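Asks: Sharing a structure here in structure tokens format.
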Amino acid sequence: MDVGLLAQYVMNGLMLGMMYTLVAIGFTLFFGVLDIIKFSHGDVLTVGAFTALATYIGLRSAGVGSTPLLLLAMLVVAILAMAALGMLIARYLVMPMRSAPALNTLLITLMLGTVLRELVRLFYPQGANPKPFPALLPTASINLGQFNLRLDNALMLAAGGLAIVGLQLLLNRTKLGLAIRAVAQDEETARTMGVNFTAVVLITFAIGSALAAYAGIMNGLYYNEINFGMGLYLGVIGFAAAIIGGLGSIYGAILGGFLFAALQTIGTVALPFASAYKDVFAFTVVIALIAWRPTGLIQEKISERV
Amino acid sequence: MSEVMQKLRAPLLPGVVALALSTAYLIALLAAEKQPLIIGLLAFAVAAVLAAHYLGWLNLVSRSFADREDVLGVYAILAACVVAAFFHDNHFVLLLFVTVLLYTVATLGLNIQFGYAGVLNFAGASFFGIGAYTSAVLSTYTAVPHLLVLLIGGMLAALIGSLLLLPVLRTRGHYAALVTIAFALLLKTFLEVNDVLGGPQGMQVKGMSILGWSFNDNFEIGKIEMSFYLNYFVVSMLLLTGTFVLVRRLERSWIGLNLDALRLDEIAASCFGLDIARWKITAFLLGNFLIGIAGALFGMVGGFVAPNNYTFADSLIMVSILLLGGIGNPWGLVVATFIVVVVPEKLQTIQEYRILLYALMVIMMLLFRPEGLLPRPVRRYYPRWQA
Amino acid sequence: MTYLLEARGLTRKFGGVVALDNLDLAVVPNEIIGLIGPNGSGKTTFFNVVTGIYGAHGGSITFDGADITRASSPAVYHAGISRTFQRSRLSLPLSIFDNIMIGNHKRLNQGLWFNLIRRGEFKREFEANYGAARTLVEVFEPQLAERMFEPVGGLPMIDRRRIEICRALINQPKLLLLDEPSAGMTHDETKELMDDILQVRDLNRNLTIIVVEHEMGVIERITERCVVLNFGRKIAEGPYRQVAVDRQVQEAYLGVE
């Protein structure tokens, strides 16, 4: 295989990995802080993408033509809206269920995800069909020998990387981050130390959902298309990635996200007949990994006291 | 002691009355054609149930069913036959009825996995579909007798299920959720891209025939024309009755106790000798076996199989039935399956919205009444048995 | 002297914390010994390692002649060790009878055919076990025996403790591990509970008990000797009155002056 094609695959893998990681981080954050699996996370991504699209269409018909402005508006609106949605979900659906068995939270978020998905499908105009997403990043490309590095991809990767680094800084260098980590490690102690538990939970959910919105827009820009089922698919992958990496660990989410993307890429190269097979391959390997290391490649936090 | 005796001898009457009224109502609902009439009937049912709840009648009925289950079970079978006889030449209604019966078998299987053992399975419809595809393939390419086809459908669903579950047996519940959701999504895509199994169009399934009696021909009793679906009705009723009895006995046995113990507290259960992996697998295999048989029969009833009928959304509907009806309560399942399958068929306007509605209803249920419509009572190994 | 249970050099770590530090502990058949020590000294961890919930990082455990160091929880149960938990851990939605039967797992026929098809025989086994469970519950609280099919969730703490102990005793174990049986109960309730346990032991002389307790009155009354732990190691051993005045024990509980 020639270098150009290889580079193309690598780039594709990196893009996918970045998107999966952003989703996986959300799962890991929610699990870390509240010990729950929020199955609606992927569908929040979908709603974020559609919110961005609606913002775009709205602004365009209002006469706004400046691309950077449109992109900025889409980002701001989608991220804020999804952060708010995340907080609402945490406040009214997840926190009230804390005393119920963990299964119930899983079920309720699964159903909520379905509600979000169906709302988009039913109430967004022509929601059942894939919708074109505008290409708002510079389409120039830099020629690197046999490989064309697309500027928009590079920008998205860089932006994604910045988001992750920003999150790490937040978690490790700020008081808020300290509070989040405290709650993630031991809720009771954190509370007795004066940490406002509810606030931390809400903020964590806001952050995770904001990242999902970001991932949704990135997905739209990359494929130039969004559809109501995209979140479900990405959610499952993001969840799997978070698990293999080790639930509760940000590094685990990063590892898992890129690992899954790598597996998919290998699958595409090795099994060229149909795209479905690459997913089957990737998931099979992931399930085997989970069977081998149930607590993840990086240790999942143990939360049960005997 | 006399108080205990009184508690054990709940009267038969409330159960019989409830059964008779429900049968009459069901016939009316199935026969109704005009949308306003249907809406009216549904509103009436909601009001009636709420009234019965507040008057305490629902409790009476529920105790009656709990204590006199054997007799009421027989009456319920008779009631089903009455409904079938009433619609003896109505293909559409009979098909709907048979669908409900088979879906109930499948959800009873899901209940063993989910409700008793606490093993999550979000691919119920996929295993149902595996059963159906088994029917398609075997009836098209082989001459395997059709009853055997049903068994093979069940076994294949069980086998594939065990392949899925074994890797995640020793992990926490949400891993099984992930694996089954991924399976549900991937199977559909896999079936669609694979022309061997008919691709998106699916495959035809030959109708059932046993010992020469072809199930797909209308027949006559005396001068009365009978819909061929009655054939399937009989087989489905037999399957449902057998499944119901099996599930009942399972719950009222040491095995049922094992499953409850492992669902409620794995660590304590294993400290008292329970082999967690063994019982999870047993429950999962048994549940999938039932789902597969029901699916295989369903394929024959419908005449064709296609990937679009066995999606993740369909699996979620099965889970919704379980949660709405009352986890672990077979009677609750029966009622919930009827509601979930029949109402959107009659009320065409909400067909499109049914997944959304069910998801919302489940959310409400989980927030306010997590035990479901008909909560599961404490285990009584022999309801009428006195110490 | 043959020990029923013998732990040698038992070690268990959790990350950086050494919960059990080269612990030697031996129990003679038919004795009642107390396991005491300040919070975090490793008492419950010891129980958890013995019953296979946690693995040992070093050392060995021998029970009735067999090595159970790497045995799983079900295997330990089948060998003849039963326990109660600090946090009770009953199945609250299940009935009293059901909860006790969970403890009787090894004596119940678990075959599919037996349970689903041979219902006549199953009924006989059910009735026999109902009788046995009732008899055991009657020792502790005759009123409870009338309510065997009530869910446990609605019962007060003292009754739940009783049922938990019945669950542990129903299969006639060789060794009973009691983890803070008095937690959540008044003095009188605790006294009653301990009397009932001793009564069971009188009926079944072949029972050895290890009691983890914070209430020293219990320890003093019912145990023949104690083992005192601190930071996962044994710091004293002997009859209660003897260890109570031991300097090291006092320092462990009260801190050094």
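Chain labels run A, B, ... following the order of the structure tokens; each chain numbers its residues from 1, and ligands are numbered from 1 in the order shown.
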Run DSSP on the backbone and grab whatever in stretch 18-220 of chain C lands in alpha helix (DSSP H); send it over as a compact mmCIF listing (two decimals) with C-alpha atoms, in the first residue's frame.
Replies:
```txt
# COMPACT_ATOMS: atom_id res chain seq x y z
CA LYS C 43 -11.33 -7.61 61.26
CA THR C 44 -13.90 -7.52 58.48
CA THR C 45 -11.13 -7.82 55.89
CA PHE C 46 -10.10 -11.02 57.61
CA PHE C 47 -13.60 -12.37 57.24
CA ASN C 48 -13.72 -11.25 53.62
CA VAL C 49 -10.46 -12.99 52.77
CA VAL C 50 -11.44 -16.19 54.57
CA SER C 73 -16.79 -17.88 48.09
CA PRO C 74 -19.09 -20.78 47.08
CA ALA C 75 -16.28 -23.27 47.78
CA VAL C 76 -15.69 -21.83 51.24
CA TYR C 77 -19.41 -22.12 51.95
CA HIS C 78 -19.49 -25.72 50.80
CA ALA C 79 -16.50 -26.48 53.03
CA ILE C 96 -38.20 -14.59 55.71
CA PHE C 97 -38.39 -18.14 54.44
CA ASP C 98 -36.70 -17.24 51.16
CA ASN C 99 -33.85 -15.46 52.90
CA ILE C 100 -33.21 -18.40 55.19
CA MET C 101 -33.35 -20.83 52.29
CA ILE C 102 -30.63 -18.88 50.54
CA GLY C 103 -28.42 -19.99 53.39
CA LEU C 112 -33.83 -28.31 36.63
CA TRP C 113 -35.79 -31.53 36.22
CA PHE C 114 -36.50 -31.78 39.94
CA ASN C 115 -37.62 -28.21 40.26
CA LEU C 116 -39.72 -27.97 37.12
CA ARG C 119 -43.28 -31.16 41.63
CA GLY C 120 -44.53 -33.82 44.03
CA GLU C 121 -41.04 -34.48 45.32
CA PHE C 122 -40.30 -30.78 45.32
CA LYS C 123 -43.30 -30.17 47.54
CA ARG C 124 -42.03 -32.69 50.05
CA GLU C 125 -38.61 -31.05 50.13
CA PHE C 126 -40.28 -27.66 50.48
CA GLU C 127 -42.38 -28.81 53.42
CA ALA C 128 -39.43 -30.41 55.18
CA ASN C 129 -37.37 -27.26 54.81
CA TYR C 130 -40.22 -25.05 55.91
CA GLY C 131 -40.36 -27.06 59.10
CA ALA C 132 -36.64 -26.79 59.66
CA ALA C 133 -36.62 -23.04 59.02
CA ARG C 134 -39.56 -22.47 61.33
CA THR C 135 -37.96 -24.45 64.12
CA LEU C 136 -34.79 -22.41 63.85
CA VAL C 137 -36.64 -19.09 63.79
CA GLU C 138 -38.68 -20.12 66.83
CA VAL C 139 -35.49 -20.31 68.88
CA PHE C 140 -34.92 -16.62 68.23
CA MET C 157 -33.42 -4.23 62.73
CA ILE C 158 -33.35 -6.75 65.55
CA ASP C 159 -35.57 -9.16 63.60
CA ARG C 160 -33.47 -8.73 60.50
CA ARG C 161 -30.35 -9.62 62.47
CA ARG C 162 -32.10 -12.69 63.76
CA ILE C 163 -33.05 -13.80 60.29
CA GLU C 164 -29.56 -13.15 59.05
CA ILE C 165 -28.21 -15.43 61.73
CA CYS C 166 -30.81 -18.07 60.90
CA ARG C 167 -29.70 -17.83 57.30
CA ALA C 168 -26.14 -18.54 58.41
CA LEU C 169 -27.10 -21.37 60.74
CA HIS C 187 -28.12 -3.58 74.98
CA ASP C 188 -31.08 -5.76 75.81
CA GLU C 189 -31.64 -6.80 72.23
CA THR C 190 -28.01 -7.75 71.93
CA LYS C 191 -28.13 -9.79 75.12
CA GLU C 192 -31.19 -11.63 73.86
CA LEU C 193 -29.58 -12.31 70.51
CA MET C 194 -26.43 -13.68 72.09
CA ASP C 195 -28.44 -15.92 74.40
CA ASP C 196 -30.26 -17.34 71.43
CA ILE C 197 -27.02 -17.99 69.58
CA LEU C 198 -25.65 -19.83 72.60
CA GLN C 199 -28.88 -21.82 72.72
CA VAL C 200 -28.40 -22.92 69.14
CA ARG C 201 -24.86 -23.88 69.93
CA ASP C 202 -26.00 -26.02 72.80
CA LEU C 203 -28.31 -27.87 70.45
CA MET C 216 -16.99 -5.46 74.90
CA GLY C 217 -19.82 -6.67 77.10
CA VAL C 218 -20.70 -9.22 74.45
CA ILE C 219 -17.11 -10.30 74.08
CA GLU C 220 -16.66 -10.67 77.76
```
Asks: Tell me, as a list in words, which residues lie within 10 Å of stretch 138-143 of chain A, counting only C-alpha atoms; anything in the same chain fewer than 2 positions away does not count.
Replies: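 Near stretch 138-143 of chain A, the qualifying residues are Thr67, Pro68, Ala135, Leu136, Gly145, Gln146, Phe147, Asn148, Leu149, Arg150, Leu151, Asp152, Asn153, Ala154 and Leu155 of chain A.
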Asks: Please provide the set of residues having any atom within 8 Å of stretch 251-253 of chain C, restricted to only C-alpha atoms, with same-chain residues fewer than 3 positions apart removed, written as a list of chain:residue names.
Replies: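 With the cut-off at 8 Å, the set is C:Gly37, C:Pro38, C:Asn230, C:Arg247, C:Gln248, C:Val256.
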Asks: Output C-alpha atoms for every residue in that selection, as a compact mmCIF listing (two decimals), in the first residue's frame.
Replies:
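Now in again.txt:
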```txt
# COMPACT_ATOMS: atom_id res chain seq x y z
CA GLY C 37 -9.54 -4.14 67.53
CA PRO C 38 -10.04 -0.49 66.64
CA ASN C 230 -4.29 -3.47 65.06
CA ARG C 247 -0.88 -2.10 77.47
CA GLN C 248 -0.55 -2.50 73.76
CA VAL C 256 -0.51 6.70 73.13
```
Asks: Provide as a VMD selection string the residues of chain B at most 8 Å from chain C, counting only C-alpha atoms.
Replies: chain B and resid 246 249 to 250 253 to 255 257 to 258 261 264 to 265 267 to 275 378 to 380
Asks: Out of stretch 191-321 of chain B, which residues get strand (DSSP E) from DSSP, as a PyMOL selection string?
Replies: chain B and resi 203-204+209-210+213-214+219-221+224-226+304-305
Asks: Please save C-alpha atoms of the selected residues as a CSV table (one decimal), in the first residue's frame.
Replies:
```csv
chain,number,residue,atom,x,y,z
B,203,MET,CA,-36.8,-13.9,3.1
B,204,GLN,CA,-40.0,-15.7,2.6
B,209,SER,CA,-47.6,-27.7,8.1
B,210,ILE,CA,-47.9,-30.6,10.5
B,213,TRP,CA,-52.3,-30.4,7.5
B,214,SER,CA,-51.3,-27.1,5.9
B,219,PHE,CA,-60.8,-24.5,6.5
B,220,GLU,CA,-64.4,-25.2,7.4
B,221,ILE,CA,-66.1,-26.6,10.3
B,224,ILE,CA,-68.6,-22.1,8.8
B,225,GLU,CA,-65.6,-20.7,7.1
B,226,MET,CA,-62.6,-20.4,9.4
B,304,PHE,CA,-41.7,-13.5,5.7
B,305,VAL,CA,-38.8,-12.1,7.7
```
Asks: Give me, as a list in words, the residues of chain A touching chain B, with the criterion being at most 6 Å (counting only C-alpha atoms).
Replies: Ile108, Met111, Val115, Glu118 and Ala291 of chain A
Asks: Could you take the residues named above and write them with C-alpha atoms, as an mmCIF file, in the first residue's frame?
Replies:
```cif
data_model
loop_
_atom_site.group_PDB
_atom_site.id
_atom_site.type_symbol
_atom_site.label_atom_id
_atom_site.label_comp_id
_atom_site.auth_asym_id
_atom_site.auth_seq_id
_atom_site.Cartn_x
_atom_site.Cartn_y
_atom_site.Cartn_z
ATOM 1 C CA ILE A 108 -34.297 5.598 32.648
ATOM 2 C CA MET A 111 -35.417 5.510 27.649
ATOM 3 C CA VAL A 115 -37.151 9.978 23.701
ATOM 4 C CA GLU A 118 -37.568 10.007 18.558
ATOM 5 C CA ALA A 291 -13.576 -10.349 29.018
#
```
Asks: Go through B:Ala47, B:Val149, B:Ile77, B:Leu163 one by one, measure the shortest atom-to-atom distance of each to A:Thr284 using only C-alpha atoms, and give the residue with the smallest value.
Replies: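 Nearest candidate to A:Thr284 out of B:Ala47, B:Val149, B:Ile77, B:Leu163: B:Leu163.
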Asks: Tell me, in Å to one decimal, how far atom CA of A:Ala253 is from atom CA of A:Arg293.
Replies: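 A separation of 15.0 Å between them.
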Asks: Which residues are close to B:Asn216, i.e. within 12 Å by only C-alpha atoms, leaving aside same-chain residues fewer than 3 positions away? Reply as a list in words.
Replies: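 Selected residues are His91, Val205, Lys206, Gly207, Met208, Ser209, Ile210, Gly212, Trp213, Phe219, Met226, Ser227, Phe228, Tyr229, Leu230, Asn231, Tyr232, Met300, Val301, Gly302 and Gly303 of chain B.
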Asks: Please produce a file of those selected residues containing C-alpha atoms, as a short mmCIF file (atom, residue, chain, number, x, y, z; two decimals), in the first residue's frame.
Replies:
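And here is the file that came out, again_27.cif:
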```
data_model
loop_
_atom_site.label_atom_id
_atom_site.label_comp_id
_atom_site.auth_asym_id
_atom_site.auth_seq_id
_atom_site.Cartn_x
_atom_site.Cartn_y
_atom_site.Cartn_z
CA HIS B 91 -57.76 -12.52 9.30
CA VAL B 205 -41.12 -18.27 5.17
CA LYS B 206 -43.27 -21.20 4.23
CA GLY B 207 -46.35 -21.62 6.31
CA MET B 208 -46.41 -24.30 8.94
CA SER B 209 -47.65 -27.73 8.12
CA ILE B 210 -47.89 -30.64 10.50
CA GLY B 212 -49.89 -32.93 6.05
CA TRP B 213 -52.27 -30.39 7.54
CA PHE B 219 -60.81 -24.51 6.47
CA MET B 226 -62.55 -20.44 9.40
CA SER B 227 -59.54 -18.23 8.90
CA PHE B 228 -56.32 -20.19 8.55
CA TYR B 229 -54.88 -18.09 11.36
CA LEU B 230 -56.90 -20.21 13.75
CA ASN B 231 -54.39 -22.98 13.15
CA TYR B 232 -51.65 -20.71 14.38
CA MET B 300 -44.18 -18.85 9.88
CA VAL B 301 -47.25 -16.90 10.89
CA GLY B 302 -46.17 -13.75 9.10
CA GLY B 303 -44.87 -15.53 6.05
#
```
Asks: Atom CA of B:Ala296 and atom CA of B:Leu96 are how many Å apart?
Replies: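 It comes out at 16.6 Å.
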Asks: Mind pulling up the distance from atom CA of A:Thr105 to atom CA of B:Val340?
Replies: 22.7 Å
Asks: Would you list the contacts of B:Arg63 as a ChimeraX atom specification, taking every protein, DNA or RNA residue within 9 Å and counting only C-alpha atoms, but skipping same-chain residues closer than 6 positions in sequence?
Replies: /B:7,10-11,14-15
Asks: For chain A, which of C:Arg8, C:Tyr240, C:Gln86, C:Pro29 is the closest residue, counting only C-alpha atoms?
Replies: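 The answer is C:Gln86, which sits nearest to chain A.
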Asks: Any idea what's packed within 6 Å of stretch 306-310 of chain B, counting only C-alpha atoms, ignoring anything in its chain fewer than 6 positions away? Could you give it as a list in words?
Replies: Ala125, Ser126, Gly129, Lys188, Gln201 and Gly202 of chain B
Asks: Write a file of the selected residues as a PDB file, in the first residue's frame, keeping C-alpha atoms.
Replies:
```
ATOM      1  CA  ALA B 125     -36.023  -8.597  19.298  1.00  0.00           C
ATOM      2  CA  SER B 126     -32.782  -9.672  17.637  1.00  0.00           C
ATOM      3  CA  GLY B 129     -35.515 -12.427  14.683  1.00  0.00           C
ATOM      4  CA  LYS B 188     -29.471  -5.511  11.768  1.00  0.00           C
ATOM      5  CA  GLN B 201     -35.953  -7.351   1.656  1.00  0.00           C
ATOM      6  CA  GLY B 202     -35.612 -10.378   3.821  1.00  0.00           C
TER       7      GLY B 202
END
```
Asks: Which of these residues is nearest to A:Gln126, using only C-alpha atoms: A:Leu202, A:Asn227, A:Gly160, A:Leu70?
Replies: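 Closest to A:Gln126 of all the choices is A:Asn227.
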Asks: Got a sec: who's within 7 Å of A:Thr21, counting only C-alpha atoms, leaving out chain neighbours fewer than 5 positions off, as a list in words?
Replies: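 In the requested format, the answer is Gly238, Ala253, Ile254, Gly257 and Phe258 of chain A.
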